[in-house]
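Student: Supplied structure: my_file14.txt, compact mmCIF, C-alpha atoms.
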```txt
# COMPACT_ATOMS: atom_id res chain seq x y z
CA MET H 5 85.80 95.53 48.58
CA THR H 6 85.25 94.23 52.13
CA LEU H 7 85.43 90.64 50.90
CA ARG H 8 88.77 91.29 49.20
CA ILE H 9 90.16 92.91 52.36
CA ALA H 10 88.90 90.02 54.49
CA ALA H 11 90.36 87.37 52.19
CA THR H 12 93.72 89.17 52.04
CA MET H 13 93.86 89.54 55.83
CA ILE H 14 93.04 85.87 56.36
CA PHE H 15 95.56 84.62 53.79
CA GLY H 16 98.24 87.01 55.02
CA GLY H 17 97.67 85.99 58.62
CA VAL H 18 97.97 82.30 57.81
CA MET H 19 101.17 82.84 55.82
CA ILE H 20 102.76 84.96 58.58
CA SER H 21 101.88 82.31 61.16
CA LEU H 22 103.36 79.53 59.03
CA VAL H 23 106.58 81.45 58.31
CA ALA H 24 107.01 82.36 62.00
CA GLY H 25 106.42 78.72 62.90
CA LEU H 26 109.34 77.65 60.69
CA PHE H 27 111.69 79.43 63.12
CA HIS H 28 110.13 77.93 66.25
CA ALA H 29 112.53 75.76 68.24
CA ASP H 30 110.97 72.30 68.10
CA ALA H 31 113.75 69.72 67.70
CA ALA H 32 112.96 68.27 71.13
CA SER H 33 109.61 66.75 72.07
CA ALA H 34 107.51 69.53 73.62
CA ASN H 35 106.26 67.14 76.29
CA ASP H 36 109.85 66.34 77.33
CA HIS H 37 110.24 69.41 79.50
CA VAL H 38 113.92 69.03 80.32
CA ALA H 39 114.89 68.70 76.65
CA SER H 40 112.45 71.31 75.35
CA PHE H 41 113.26 73.87 78.06
CA THR H 42 116.96 73.47 77.30
CA GLU H 43 116.26 74.12 73.63
CA TYR H 44 114.09 77.16 74.40
CA ALA H 45 116.77 78.65 76.64
CA ARG H 46 119.25 78.46 73.75
CA SER H 47 116.90 80.22 71.32
CA ASP H 48 117.72 83.88 70.71
CA ILE H 49 114.60 84.52 68.62
CA TRP H 50 111.99 82.86 70.82
CA THR H 51 110.12 86.04 71.75
CA GLY H 52 110.24 87.38 68.17
CA VAL H 53 108.84 84.12 66.77
CA HIS H 54 105.89 84.27 69.13
CA LEU H 55 105.26 87.91 68.32
CA GLY H 56 105.13 86.91 64.65
CA GLN H 57 102.68 84.14 65.46
CA PHE H 58 100.48 86.59 67.35
CA ILE H 59 100.48 89.06 64.44
CA GLY H 60 99.54 86.23 62.09
CA MET H 61 96.68 85.01 64.26
CA ALA H 62 95.43 88.56 64.87
CA LEU H 63 95.26 89.13 61.09
CA PHE H 64 93.61 85.73 60.58
CA ALA H 65 90.93 86.29 63.22
CA GLY H 66 90.47 89.92 62.20
CA GLY H 67 89.94 88.75 58.64
CA MET H 68 87.28 86.34 59.86
CA ILE H 69 85.42 89.25 61.46
CA ALA H 70 85.69 91.23 58.21
CA LEU H 71 84.51 88.20 56.23
CA LEU H 72 81.36 87.88 58.32
CA ALA H 73 80.75 91.60 57.84
CA ALA H 74 81.20 91.19 54.06
CA LEU H 75 78.54 88.47 54.00
CA ASN H 76 76.18 91.21 55.25
CA VAL H 77 73.58 89.08 57.04
CA GLN H 78 71.05 91.58 58.38
CA GLN H 79 68.11 89.71 59.89
CA GLY H 80 66.97 86.53 61.56
CA ALA H 81 68.75 83.68 63.28
CA LEU H 82 71.54 83.67 60.72
CA ALA H 83 72.43 87.29 61.56
CA LEU H 84 72.66 86.34 65.23
CA THR H 85 74.80 83.35 64.30
CA ALA H 86 77.16 85.61 62.35
CA ARG H 87 77.46 87.95 65.33
CA PHE H 88 78.37 85.03 67.60
CA GLY H 89 81.03 83.98 65.08
CA ALA H 90 82.49 87.49 64.98
CA LEU H 91 82.46 87.69 68.78
CA ALA H 92 84.23 84.32 69.08
CA ALA H 93 86.89 85.46 66.60
CA ALA H 94 87.37 88.78 68.42
CA VAL H 95 87.75 87.16 71.84
CA SER H 96 90.14 84.60 70.35
CA ILE H 97 92.52 87.44 69.41
CA ALA H 98 92.69 88.57 73.04
CA LEU H 99 93.10 85.01 74.30
CA TYR H 100 95.85 84.30 71.78
CA GLY H 101 97.65 87.49 72.76
CA ALA H 102 97.61 86.35 76.39
CA LEU H 103 98.75 82.89 75.30
CA GLN H 104 101.73 84.26 73.39
CA ALA H 105 102.64 86.52 76.32
CA VAL H 106 102.76 83.41 78.51
CA ASP H 107 104.60 81.26 75.97
CA GLY H 108 106.75 83.85 74.24
CA VAL H 109 107.72 85.99 77.23
CA ALA H 110 106.99 84.38 80.61
CA LEU H 111 108.12 80.88 79.65
CA LYS H 112 111.28 82.21 77.99
CA HIS H 113 112.30 84.09 81.14
CA ALA H 114 111.48 81.05 83.28
CA VAL H 115 113.56 78.62 81.22
CA ASP H 116 116.44 81.10 81.03
CA ALA H 117 116.38 81.41 84.83
CA TRP H 118 116.33 77.62 85.17
CA ALA H 119 119.18 77.10 82.71
CA SER H 120 121.43 79.66 84.45
CA ALA H 121 120.49 78.82 88.06
CA ALA H 122 122.89 77.34 90.54
CA GLU H 123 122.30 73.65 91.22
CA PRO H 124 120.44 74.13 94.55
CA GLU H 125 117.93 76.42 92.80
CA LYS H 126 117.36 74.36 89.66
CA ALA H 127 114.50 72.24 90.99
CA MET H 128 112.57 75.32 92.08
CA ARG H 129 113.24 77.11 88.80
CA PHE H 130 112.20 74.04 86.81
CA ALA H 131 108.95 73.75 88.75
CA SER H 132 108.22 77.40 88.01
CA ALA H 133 108.82 76.92 84.28
CA GLU H 134 106.72 73.77 84.25
CA GLY H 135 103.84 75.61 85.93
CA ILE H 136 103.96 78.23 83.17
CA ARG H 137 103.98 75.44 80.58
CA TRP H 138 100.82 73.95 82.09
CA LEU H 139 99.19 77.39 82.01
CA GLU H 140 100.11 77.53 78.33
CA TRP H 141 98.40 74.17 77.78
CA GLY H 142 95.19 75.49 79.31
CA MET H 143 95.18 78.73 77.33
CA ARG H 144 96.05 77.02 74.07
CA SER H 145 93.34 74.43 74.67
CA TYR H 146 90.63 77.02 75.16
CA HIS H 147 91.88 79.09 72.24
CA GLY H 148 91.47 75.97 70.10
CA PHE H 149 87.88 75.59 71.30
CA LEU H 150 87.07 79.27 70.76
CA PHE H 151 88.70 79.80 67.39
CA GLY H 152 87.52 76.41 66.15
CA SER H 153 83.97 77.45 67.03
CA ALA H 154 84.44 80.74 65.14
CA LEU H 155 85.54 78.83 62.03
CA ILE H 156 82.64 76.40 62.23
CA ILE H 157 80.10 79.21 62.72
CA SER H 158 81.59 81.16 59.81
CA GLY H 159 81.40 78.06 57.64
CA VAL H 160 77.73 77.66 58.49
CA VAL H 161 77.05 81.30 57.54
CA ILE H 162 78.86 80.83 54.21
CA LEU H 163 76.80 77.71 53.47
CA ALA H 164 73.57 79.51 54.31
CA THR H 165 74.24 82.72 52.37
CA ARG H 166 75.81 81.09 49.29
CA ARG H 167 77.56 84.35 48.43
CA ILE H 168 80.86 82.56 48.02
CA SER H 169 81.63 78.92 47.23
CA ARG H 170 79.92 76.54 49.64
CA THR H 171 83.01 74.31 49.44
CA ILE H 172 84.98 77.07 51.16
CA GLY H 173 82.43 76.99 53.97
CA ILE H 174 82.72 73.21 54.27
CA LEU H 175 86.53 73.28 54.37
CA MET H 176 86.46 76.16 56.85
CA GLY H 177 84.12 74.20 59.12
CA LEU H 178 86.32 71.11 58.91
CA SER H 179 89.39 73.18 59.83
CA GLY H 180 87.38 74.42 62.82
CA VAL H 181 86.75 70.82 63.87
CA ALA H 182 90.52 70.23 63.66
CA TYR H 183 91.03 73.17 66.04
CA LEU H 184 88.49 71.68 68.47
CA VAL H 185 90.29 68.32 68.43
CA GLN H 186 93.63 70.02 69.01
CA GLY H 187 92.13 71.96 71.91
CA TRP H 188 90.91 68.76 73.54
CA ILE H 189 94.17 66.85 73.10
CA ILE H 190 96.34 69.72 74.38
CA GLY H 191 94.10 70.19 77.39
CA ALA H 192 94.20 66.49 78.23
CA GLU H 193 97.73 65.45 77.21
CA GLY H 194 99.71 68.58 76.39
CA PHE H 195 101.74 68.61 73.18
CA ALA H 196 101.38 64.88 72.69
CA ALA H 197 102.06 62.91 69.50
CA ALA H 198 98.31 62.38 69.18
CA ASN H 199 98.03 66.05 68.23
CA THR H 200 100.14 65.63 65.07
CA VAL H 201 97.36 64.39 62.77
CA PRO H 202 94.70 67.00 63.64
CA THR H 203 97.34 69.74 63.47
CA LEU H 204 98.52 68.74 59.98
CA PHE H 205 94.93 68.17 58.86
CA GLY H 206 93.98 71.64 60.10
CA ILE H 207 96.97 73.31 58.42
CA ILE H 208 96.30 71.67 55.04
CA LEU H 209 92.59 72.50 55.12
CA THR H 210 93.26 76.09 56.19
CA VAL H 211 95.81 76.70 53.44
CA VAL H 212 93.43 75.26 50.83
CA TRP H 213 90.37 77.30 51.79
CA THR H 214 92.28 80.53 52.40
CA VAL H 215 93.90 80.36 48.95
CA TRP H 216 90.53 79.50 47.40
CA LEU H 217 88.86 82.40 49.23
CA LEU H 218 91.58 84.84 48.13
CA ILE H 219 91.26 83.82 44.48
CA SER H 220 87.46 83.93 44.65
CA ALA H 221 87.46 87.41 46.18
CA TRP H 222 89.75 88.83 43.49
CA ARG H 223 87.84 87.09 40.69
CA LEU H 224 84.54 88.41 42.02
CA ARG H 225 85.88 91.95 41.94
CA ALA H 226 87.26 91.47 38.43
CA ASP H 227 83.93 90.06 37.22
CA ARG H 228 82.07 93.08 38.61
CA ARG H 229 84.42 95.48 36.80
CA GLY H 230 83.93 93.52 33.59
```
Taking this structure as input, can you express it in the form of structure tokens?

Tutor:
Amino acid sequence: MTLRIAATMIFGGVMISLVAGLFHADAASANDHVASFTEYARSDIWTGVHLGQFIGMALFAGGMIALLAALNVQQGALALTARFGALAAAVSIALYGALQAVDGVALKHAVDAWASAAEPEKAMRFASAEGIRWLEWGMRSYHGFLFGSALIISGVVILATRRISRTIGILMGLSGVAYLVQGWIIGAEGFAAANTVPTLFGIILTVVWTVWLLISAWRLRADRRG
């Protein structure tokens, strides 16, 4: 029962995040601050999109915590490892909430103020918005490190317990590595083109293992009833 709930939360969270991301304003290069800030100021759904992304990530990370509980590791080093994974996932929810407050609320107000400011004030308003953008880089970078670590730890626990497919654990760990790479690139270069490959790689891996986990959880329950 717990495994089914965990798998459903994880899959649902990923799907909500992906759907919300489809509405994210991203025609301009995110590292071109003049162009991207202009686009953000024109978006009427910016805050709602980021709220959707937060809900998706909260479900995803919450599902990871439930998954580790479902694996029911009680003793030894592996139990401690599972607790660290659950802690990393829990803290990542709080960090992502703060990140989306910065990106979805603070940055939106800053770019709106810049776009509507009189010419003498524009430079000051732009500098303010850019400072918030750099704060976003830092928070997103460390969220990538934290959540990536949670995925890798969870993958290790799955491999060790063998209660669900070990391939799911491998794919989960690889998606965690993709998060770590994204965290490093964003921290060093912002939303640079170099981040495209690890981002796509991470999305594909995550969709594959979350679908696999969902099917496995429902099949396991059906097999037990049979």

Student: Please provide as a list of chain:residue names all residues within 12 Å of range 190-195 of chain H, with the sequence filter that same-chain residues fewer than 5 positions apart are discarded (counting all atoms listed in the file).

Tutor: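 Everything that qualifies: H:Asp30, H:Ala32, H:Ser33, H:Ala34, H:Asn35, H:Asp36, H:His37, H:Ser40, H:Glu134, H:Arg137, H:Trp138, H:Leu139, H:Glu140, H:Trp141, H:Gly142, H:Met143, H:Arg144, H:Ser145, H:Tyr146, H:His147, H:Gly148, H:Phe149, H:Tyr183, H:Leu184, H:Val185, H:Thr200, H:Pro202, H:Thr203.
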
Student: Show me, as CSV, the residues of range 22-135 of chain H having an atom within 12 Å of range 165-179 of chain H, each with the closest atom pair and its distance in Å, using all atoms listed in the file.

Tutor:
```
residue,atom,partner,partner_atom,distance
H:Met68,CA,H:Met176,CA,10.6
H:Leu71,CA,H:Ile168,CA,10.6
H:Leu72,CA,H:Thr165,CA,10.6
H:Ala74,CA,H:Arg167,CA,9.6
H:Leu75,CA,H:Arg167,CA,7.0
H:Asn76,CA,H:Thr165,CA,9.2
H:Val77,CA,H:Thr165,CA,7.9
H:Gln78,CA,H:Thr165,CA,11.2
H:Gln79,CA,H:Thr165,CA,12.0
H:Leu82,CA,H:Thr165,CA,8.8
H:Ala83,CA,H:Thr165,CA,10.4
H:Thr85,CA,H:Thr165,CA,12.0
H:Ala86,CA,H:Thr165,CA,10.8
H:Gly89,CA,H:Gly177,CA,11.9
```

Student: Please dump the current selection as a compact mmCIF listing (two decimals), in the frame of the given file; keep C-alpha atoms.

Tutor:
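Result written to part.txt:
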```txt
# COMPACT_ATOMS: atom_id res chain seq x y z
CA MET H 68 87.28 86.34 59.86
CA LEU H 71 84.51 88.20 56.23
CA LEU H 72 81.36 87.88 58.32
CA ALA H 74 81.20 91.19 54.06
CA LEU H 75 78.54 88.47 54.00
CA ASN H 76 76.18 91.21 55.25
CA VAL H 77 73.58 89.08 57.04
CA GLN H 78 71.05 91.58 58.38
CA GLN H 79 68.11 89.71 59.89
CA LEU H 82 71.54 83.67 60.72
CA ALA H 83 72.43 87.29 61.56
CA THR H 85 74.80 83.35 64.30
CA ALA H 86 77.16 85.61 62.35
CA GLY H 89 81.03 83.98 65.08
```

Student: Interatomic distance between CA of Ala90 in chain H and CA of Asn199 in chain H?

Tutor: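 Value for the CA of Ala90 in chain H-CA of Asn199 in chain H distance: 26.7 Å.
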
Student: In Å, with one decimal, what is the gap from CA of Phe130 in chain H to CA of Trp118 in chain H?

Tutor: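 Going from CA of Phe130 in chain H over to CA of Trp118 in chain H covers 5.7 Å.
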
Student: Can you pull out the residues contacting His54 in chain H? Cut-off 6 Å, using all atoms listed in the file, and skip same-chain residues under 3 positions away; I want them as a list in words.

Tutor: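 Residues near the query, excluding close chain neighbours: Thr51, Gln57, Gln104 and Gly108 of chain H.
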
Student: Calculated over all atoms listed in the file, which of the candidates H:Ala93, H:Val109, H:Leu22, H:Met5 has the smallest distance to Ala45 in chain H?

Tutor: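 Among the listed residues, the smallest separation from Ala45 in chain H belongs to H:Val109.
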
Student: Rounded to one decimal place, report the CA of Gly101 in chain H-CA of His113 in chain H distance in Å.

Tutor: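 For CA of Gly101 in chain H relative to CA of His113 in chain H, the distance reads 17.2 Å.
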
Student: Just want the 10 Å neighbourhood of Val95 in chain H, counted on only C-alpha atoms, with same-chain residues fewer than 3 positions away dropped. Output as a ChimeraX atom specification.

Tutor: /H:65,90-92,98-101,147,150-151,154

Student: Under the rule that all atoms listed in the file are counted, which of H:Ala102, H:Ala29, H:Ser96, H:Ile157 is the nearest residue to Ser47 in chain H?

Tutor: H:Ala29

Student: Just checking: using only C-alpha atoms, which residue out of H:Leu224, H:Ile219, H:Ala119, H:Val23 ends up closest to Arg46 in chain H?

Tutor: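 Under the stated criterion, the closest residue is H:Ala119.
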
Student: Determine the nearest neighbour of Ala131 in chain H from the options H:Val38, H:Thr6, H:Gly16, H:Ala105, counting all atoms listed in the file.

Tutor: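 Nearest to Ala131 in chain H: H:Val38.
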
Student: Which centre and edge lengths in Å to one decimal define the box along x, y and z that fits every listed atom of range 142-146 of chain H plus 8 Å per side, as AutoDock Vina command-line options?

Tutor:
```
--center_x 93.3 --center_y 76.6 --center_z 76.7 --size_x 21.4 --size_y 20.3 --size_z 21.2
```

Student: Between H:Gly187, H:Gly135, H:Gly67, H:Gly60, which is the closest to Ala24 in chain H once you count all atoms listed in the file?

Tutor: H:Gly60

Student: Which one of H:Ala11, H:Ala94, H:Leu218, H:Leu55 sits closest to Gly25 in chain H if you count all atoms listed in the file?

Tutor: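 Answer, going by the shortest atom-to-atom distance: H:Leu55.
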
Student: All heavy atoms are what I want for range 209-220 of chain H; can you complete it accordingly and write them as a tab-separated table (two decimals), in the frame of the given file?

Tutor:
```
chain	number	residue	atom	x	y	z
H	209	LEU	N	93.92	71.98	55.44
H	209	LEU	CA	92.59	72.50	55.12
H	209	LEU	C	92.59	74.03	55.11
H	209	LEU	O	92.00	74.66	54.21
H	209	LEU	CB	91.58	72.01	56.16
H	209	LEU	CG	91.12	70.56	56.04
H	209	LEU	CD1	90.26	70.18	57.25
H	209	LEU	CD2	90.33	70.34	54.75
H	210	THR	N	93.25	74.63	56.10
H	210	THR	CA	93.26	76.09	56.19
H	210	THR	C	93.96	76.72	55.00
H	210	THR	O	93.48	77.71	54.44
H	210	THR	CB	93.93	76.53	57.51
H	210	THR	OG1	93.19	76.00	58.62
H	210	THR	CG2	93.98	78.04	57.62
H	211	VAL	N	95.10	76.16	54.61
H	211	VAL	CA	95.81	76.70	53.44
H	211	VAL	C	94.94	76.60	52.19
H	211	VAL	O	94.84	77.54	51.40
H	211	VAL	CB	97.15	75.97	53.23
H	211	VAL	CG1	97.76	76.35	51.88
H	211	VAL	CG2	98.12	76.31	54.36
H	212	VAL	N	94.26	75.46	52.03
H	212	VAL	CA	93.43	75.26	50.83
H	212	VAL	C	92.29	76.27	50.78
H	212	VAL	O	92.10	76.95	49.76
H	212	VAL	CB	92.86	73.82	50.80
H	212	VAL	CG1	91.81	73.69	49.70
H	212	VAL	CG2	93.98	72.81	50.56
H	213	TRP	N	91.53	76.40	51.88
H	213	TRP	CA	90.37	77.30	51.79
H	213	TRP	C	90.76	78.78	51.79
H	213	TRP	O	90.05	79.60	51.20
H	213	TRP	CB	89.32	76.99	52.85
H	213	TRP	CG	89.56	77.33	54.29
H	213	TRP	CD1	89.89	76.47	55.29
H	213	TRP	CD2	89.46	78.63	54.91
H	213	TRP	NE1	90.01	77.14	56.47
H	213	TRP	CE2	89.73	78.46	56.28
H	213	TRP	CE3	89.15	79.91	54.44
H	213	TRP	CZ2	89.74	79.52	57.18
H	213	TRP	CZ3	89.14	80.97	55.34
H	213	TRP	CH2	89.43	80.77	56.69
H	214	THR	N	91.88	79.12	52.43
H	214	THR	CA	92.28	80.53	52.40
H	214	THR	C	92.76	80.95	51.00
H	214	THR	O	92.48	82.06	50.55
H	214	THR	CB	93.38	80.83	53.45
H	214	THR	OG1	94.47	79.93	53.28
H	214	THR	CG2	92.84	80.70	54.86
H	215	VAL	N	93.48	80.06	50.32
H	215	VAL	CA	93.90	80.36	48.95
H	215	VAL	C	92.68	80.45	48.04
H	215	VAL	O	92.56	81.37	47.21
H	215	VAL	CB	94.88	79.27	48.44
H	215	VAL	CG1	95.13	79.44	46.94
H	215	VAL	CG2	96.19	79.33	49.20
H	216	TRP	N	91.75	79.51	48.20
H	216	TRP	CA	90.53	79.50	47.40
H	216	TRP	C	89.72	80.78	47.63
H	216	TRP	O	89.23	81.41	46.69
H	216	TRP	CB	89.70	78.28	47.78
H	216	TRP	CG	88.58	77.93	46.84
H	216	TRP	CD1	87.92	78.78	45.99
H	216	TRP	CD2	87.99	76.64	46.67
H	216	TRP	NE1	86.93	78.11	45.31
H	216	TRP	CE2	86.95	76.79	45.70
H	216	TRP	CE3	88.22	75.40	47.24
H	216	TRP	CZ2	86.16	75.71	45.30
H	216	TRP	CZ3	87.42	74.33	46.84
H	216	TRP	CH2	86.41	74.49	45.88
H	217	LEU	N	89.61	81.18	48.90
H	217	LEU	CA	88.86	82.40	49.23
H	217	LEU	C	89.52	83.63	48.61
H	217	LEU	O	88.84	84.52	48.07
H	217	LEU	CB	88.77	82.56	50.75
H	217	LEU	CG	88.10	83.83	51.27
H	217	LEU	CD1	86.63	83.88	50.84
H	217	LEU	CD2	88.21	83.90	52.80
H	218	LEU	N	90.85	83.70	48.69
H	218	LEU	CA	91.58	84.84	48.13
H	218	LEU	C	91.35	84.95	46.62
H	218	LEU	O	91.05	86.03	46.09
H	218	LEU	CB	93.06	84.71	48.44
H	218	LEU	CG	93.95	85.88	48.01
H	218	LEU	CD1	93.64	87.12	48.82
H	218	LEU	CD2	95.43	85.51	48.15
H	219	ILE	N	91.48	83.82	45.93
H	219	ILE	CA	91.26	83.82	44.48
H	219	ILE	C	89.83	84.20	44.15
H	219	ILE	O	89.57	84.99	43.23
H	219	ILE	CB	91.61	82.43	43.90
H	219	ILE	CG1	93.12	82.16	44.04
H	219	ILE	CG2	91.19	82.34	42.43
H	219	ILE	CD1	93.52	80.75	43.68
H	220	SER	N	88.88	83.64	44.90
H	220	SER	CA	87.46	83.93	44.65
H	220	SER	C	87.15	85.40	44.85
H	220	SER	O	86.40	86.00	44.06
H	220	SER	CB	86.58	83.09	45.59
H	220	SER	OG	86.75	81.72	45.34
```
